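Data first, discussion second: the structure below is written as structure tokens.
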Amino acid sequence: MAYLSLAVNIVAGMIYTPWMIRQIGQSQYGLYTLAVSLISILMFDFGIGTALSRFGAQYRAKNDVEGMARFYGLVNRLYLAIDGLALLVASILFFFLGSIYNSLTANELASFRVVYVMVVGYNLFAFAYTPLNGMLNACEEFVALKFSELLTRVLTIILVVVALTRGGGLYSLVAANIVSGAAAILFKLWVVRHRLNLRPQRDRLDLNMLRELLSFSVWTAVMGVASTLSTGLMPSIVAIGRGSLETAIYGAATTLNGYAYLLTAAIGGMFLPKVMRLFERENAPQALTALAIKVGRLLMMLASLILAGFFLIGKEFFVLWMGSEYAPAYGVACALLVAELLAAPQTVFSTAMTARGFLKPIAISNLIFSAGILVAGCAVTRAMGAFGCGMVICIGYLLRELARMIFYKKYLSIDLSQYIKRIYGPMAIYFPSMLVAFLLLRGFTALNWGRLVAKGAIVCVAYLLVSVVFVMNWQERAVVTAILKKIWAKFKGLRRRNDI
């Protein structure tokens with residue numbers, strides 16, 4: 001269900017998003033991107049959602065139904081309190097939108113105010129039910145949780161297509177998102193109340209439970225603040241400095257970057273139980289380094305493929321996907337992808353820091369680098385627009401990952417030099433190969449989707465050959481060979497059935 005949801009998101013982004021933008025216009029899409037990013041800042045949960053999943057699972061493991069109900073009630077109260085604070089801030093902010101976003105035209109500002117009220121109203125309603133996600137996670141109701149995500153996306157697409165084909169505009173787009181989100185919330189509420197038979201208990205405030213919750217979530221909250229500073233505020237910075245059209249370009253680049261992140265995160269997020277078991281061994285640092293190299297090399301090869309493909313066909317892809325006016329998004333996406341994908345191989349070490357409870361140094365360094373990214377972004381936006389913000393994020397993220405490596409060495413006692421050599425050493429082969437491919441393919445311009453697919457296939461085949469011959473070890477070659485043999489066997493079986 002998780003991979004189905006991911007596939008629908010990616011396909012929808014590639015096909016549905018550009019169609020939707022053409023229907024409402026680039027300026028209106030920029031306003032929508034701006035409103036969503038602004039509300040995501042206001043509805044910050046201070047790390048309580050992560051704590052809810054962790055403590056809820058703990059109570060469930062002990063079969064403490066009453067404790068889980070009390071904890072659910074406590075978290076429910078906290079979310080309502082944050083909701084009230086967000087309502088106050090959002091109400092005050094409404095009267096200053098004209099001063100903050102003075103680069104918007106009068107008509108754009110009027111539309112933005114309406115969208116702002118709609119999005120704020122829905123998010124205040126939805127935020128109160130955020131604990132449902134934590135309870136579903138804690139009770140291992142993953143199918144229901146992922147189905148709700150899938151339901152939201154599919155229903156949104158259906159409603160938006162119906163609304164826009166019947167003459168609707170920006171407000172119809174927002175309303176469709178609100179209806180689909182509300183439907184998913186009602187589904188999750190039904191599962192928690194009727195399938196899990198779980199209701200929040202609010203009879204008394206357990207101060208010990210509250211103290212334990214806050215002590216766990218504080219550093220997760222700091223990491224969330226850091227993420228908001230480095231990425232959540234960027235659309236607003238671009239809008240203030242350059243207006244709605246540049247914001248739309250930045251939004252298109254971040255959409256593609258999000259898909260690349262999901263592809264690598266889907267593989268890297270499954271190792272927490274294994275990492276926790278490794279720390280029970282006497283040779284934990286050596287075993288952890290070995291696992292990080294094994295997983296990291298696979299993620300490095302996947303990240304290198306995405307980077308190579310996008311560098312070589314990305315600009316043509318943006319023109320075909322979104323239109324020629326979005327060609328500048330190519331440079332922004334390249335910068336964001338470099339920062340995101342070069343950090344992907346470190347996922348095992350990042351998981352190990354969480355498993356060992358070493359969140360404080362990571363959280364503080366994230367906050368420092370994110371503040372630097374925010375300041376630098378404000379400085380370069382007027383001159384360089386969305387591309388300047390992309391470059392600032394790229395440099396900031398790469399420096400942050402270097403700092404994290406120091407923490408990994410200090411707190412996990414890993415063999416860092418061996419890790420760097422095995423993971424990033426192959427880049428010395430991939431980047432020259434990428435340059436050669438760029439020179440060879442310069443005359444092969446993808447003017448339509450058929451030529452783009454053909455060019456992409458050439459890149460993938462060349463990349464696989466370079467990887468198998470020059471990069472992979474014998475174990476990795478065995479994995480690729482086994483996969484190809486299975487594909488060939490299924491293809492032969494299909495041909496036999498067709499012949500019969």
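Order determines the names: the first chain of the structure tokens is A, the second B, and so forth; residues in each chain are numbered 1 upward, and ligands are numbered 1 upward as they are shown.
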
Open item on the list: With only C-alpha atoms as the counted atoms, please give the residues lying no more than 9 Å from Phe147 of chain A, apart from itself and same-chain residues fewer than 3 positions off, as a list in words.
Closed with: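 So the residues in contact are Met1, Ala2, Ser5, Phe142, Val143, Ala144, Leu150, Leu151, Thr152 and Ala184 of chain A.
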
Those same residues, written as a short mmCIF file (atom, residue, chain, number, x, y, z; two decimals), in the first residue's frame with C-alpha atoms?
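This went into part_29.cif:
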```cif
data_model
loop_
_atom_site.label_atom_id
_atom_site.label_comp_id
_atom_site.auth_asym_id
_atom_site.auth_seq_id
_atom_site.Cartn_x
_atom_site.Cartn_y
_atom_site.Cartn_z
CA MET A 1 0.00 0.00 0.00
CA ALA A 2 2.90 2.35 0.76
CA SER A 5 0.59 5.41 -2.68
CA PHE A 142 -0.22 0.62 8.44
CA VAL A 143 -2.66 -0.47 5.74
CA ALA A 144 -5.33 1.91 7.05
CA LEU A 150 -3.95 7.09 -1.12
CA LEU A 151 -7.60 8.09 -0.64
CA THR A 152 -6.61 11.73 -0.16
CA ALA A 184 -9.41 10.82 4.93
#
```

Task: Residue neighbourhood segment 166-169 of chain A, 12 Å, only C-alpha atoms, exclusion window fewer than 5 positions, as a list of chain:residue names - done: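 Those residues are A:Met20, A:Ile21, A:Arg22, A:Gln23, A:Ile24, A:Gly25, A:Ser27, A:Gln28, A:Tyr29, A:Tyr32, A:Ser111, A:Val115, A:Leu159, A:Val160, A:Val161, A:Val174, A:Ala175, A:Ala176.
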
TODO: Could you jot down the atom CA of Leu198 of chain A to atom CA of Arg70 of chain A separation for me, Å, one decimal place?
DONE: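 Here the two named atoms are 10.4 Å from each other.
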
Open item on the list: Can you measure atom CA of Thr156 of chain A to atom CA of Ser180 of chain A for me? One decimal in Å is fine.
Closed with: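 So the answer is 5.4 Å.
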
TODO: Name the closest residue to Glu325 of chain A among the candidates A:Leu447, A:Ile237, A:Leu4, A:Leu245; distances are taken between atoms, counting only C-alpha atoms.
DONE: A:Leu245

Task: Computed interatomic separation between atom CA of Ile414 of chain A and atom CA of Pro285 of chain A (Å) - done: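 Distance between the two atoms: 5.3 Å.
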
Open item on the list: Applying 10 Å and only C-alpha atoms, which residues near Thr255 of chain A remain after dropping the ones on its own chain fewer than 2 positions away? List them as a PyMOL selection string.
Closed with: chain A and resi 10+13-14+17+250-253+257-260+333

TODO: Can you work out which one of A:Leu87, A:Leu52, A:Val468, A:Met234 has the shortest atom-to-atom distance to Ala376 of chain A, counting only C-alpha atoms?
DONE: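 For Ala376 of chain A, the nearest of the candidates is A:Met234.
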
Long-range neighbours of segment 353-363 of chain A as a CSV table (one decimal) with N, CA and C atoms, in the first residue's frame, 7 Å cut-off, only C-alpha atoms, 5 positions minimum in chain:
```csv
chain,number,residue,atom,x,y,z
A,219,TRP,N,13.9,17.7,21.3
A,219,TRP,CA,14.9,17.7,20.2
A,219,TRP,C,14.3,17.4,18.9
A,222,VAL,N,13.1,20.7,17.8
A,222,VAL,CA,14.1,21.6,17.3
A,222,VAL,C,14.5,21.2,15.8
A,223,MET,N,14.5,19.9,15.5
A,223,MET,CA,14.8,19.4,14.2
A,223,MET,C,13.7,19.9,13.2
A,276,MET,N,19.1,-1.4,15.8
A,276,MET,CA,19.0,-1.6,17.2
A,276,MET,C,19.5,-2.9,17.7
A,404,ARG,N,27.5,16.3,10.2
A,404,ARG,CA,27.0,15.0,10.7
A,404,ARG,C,28.0,13.9,10.7
```
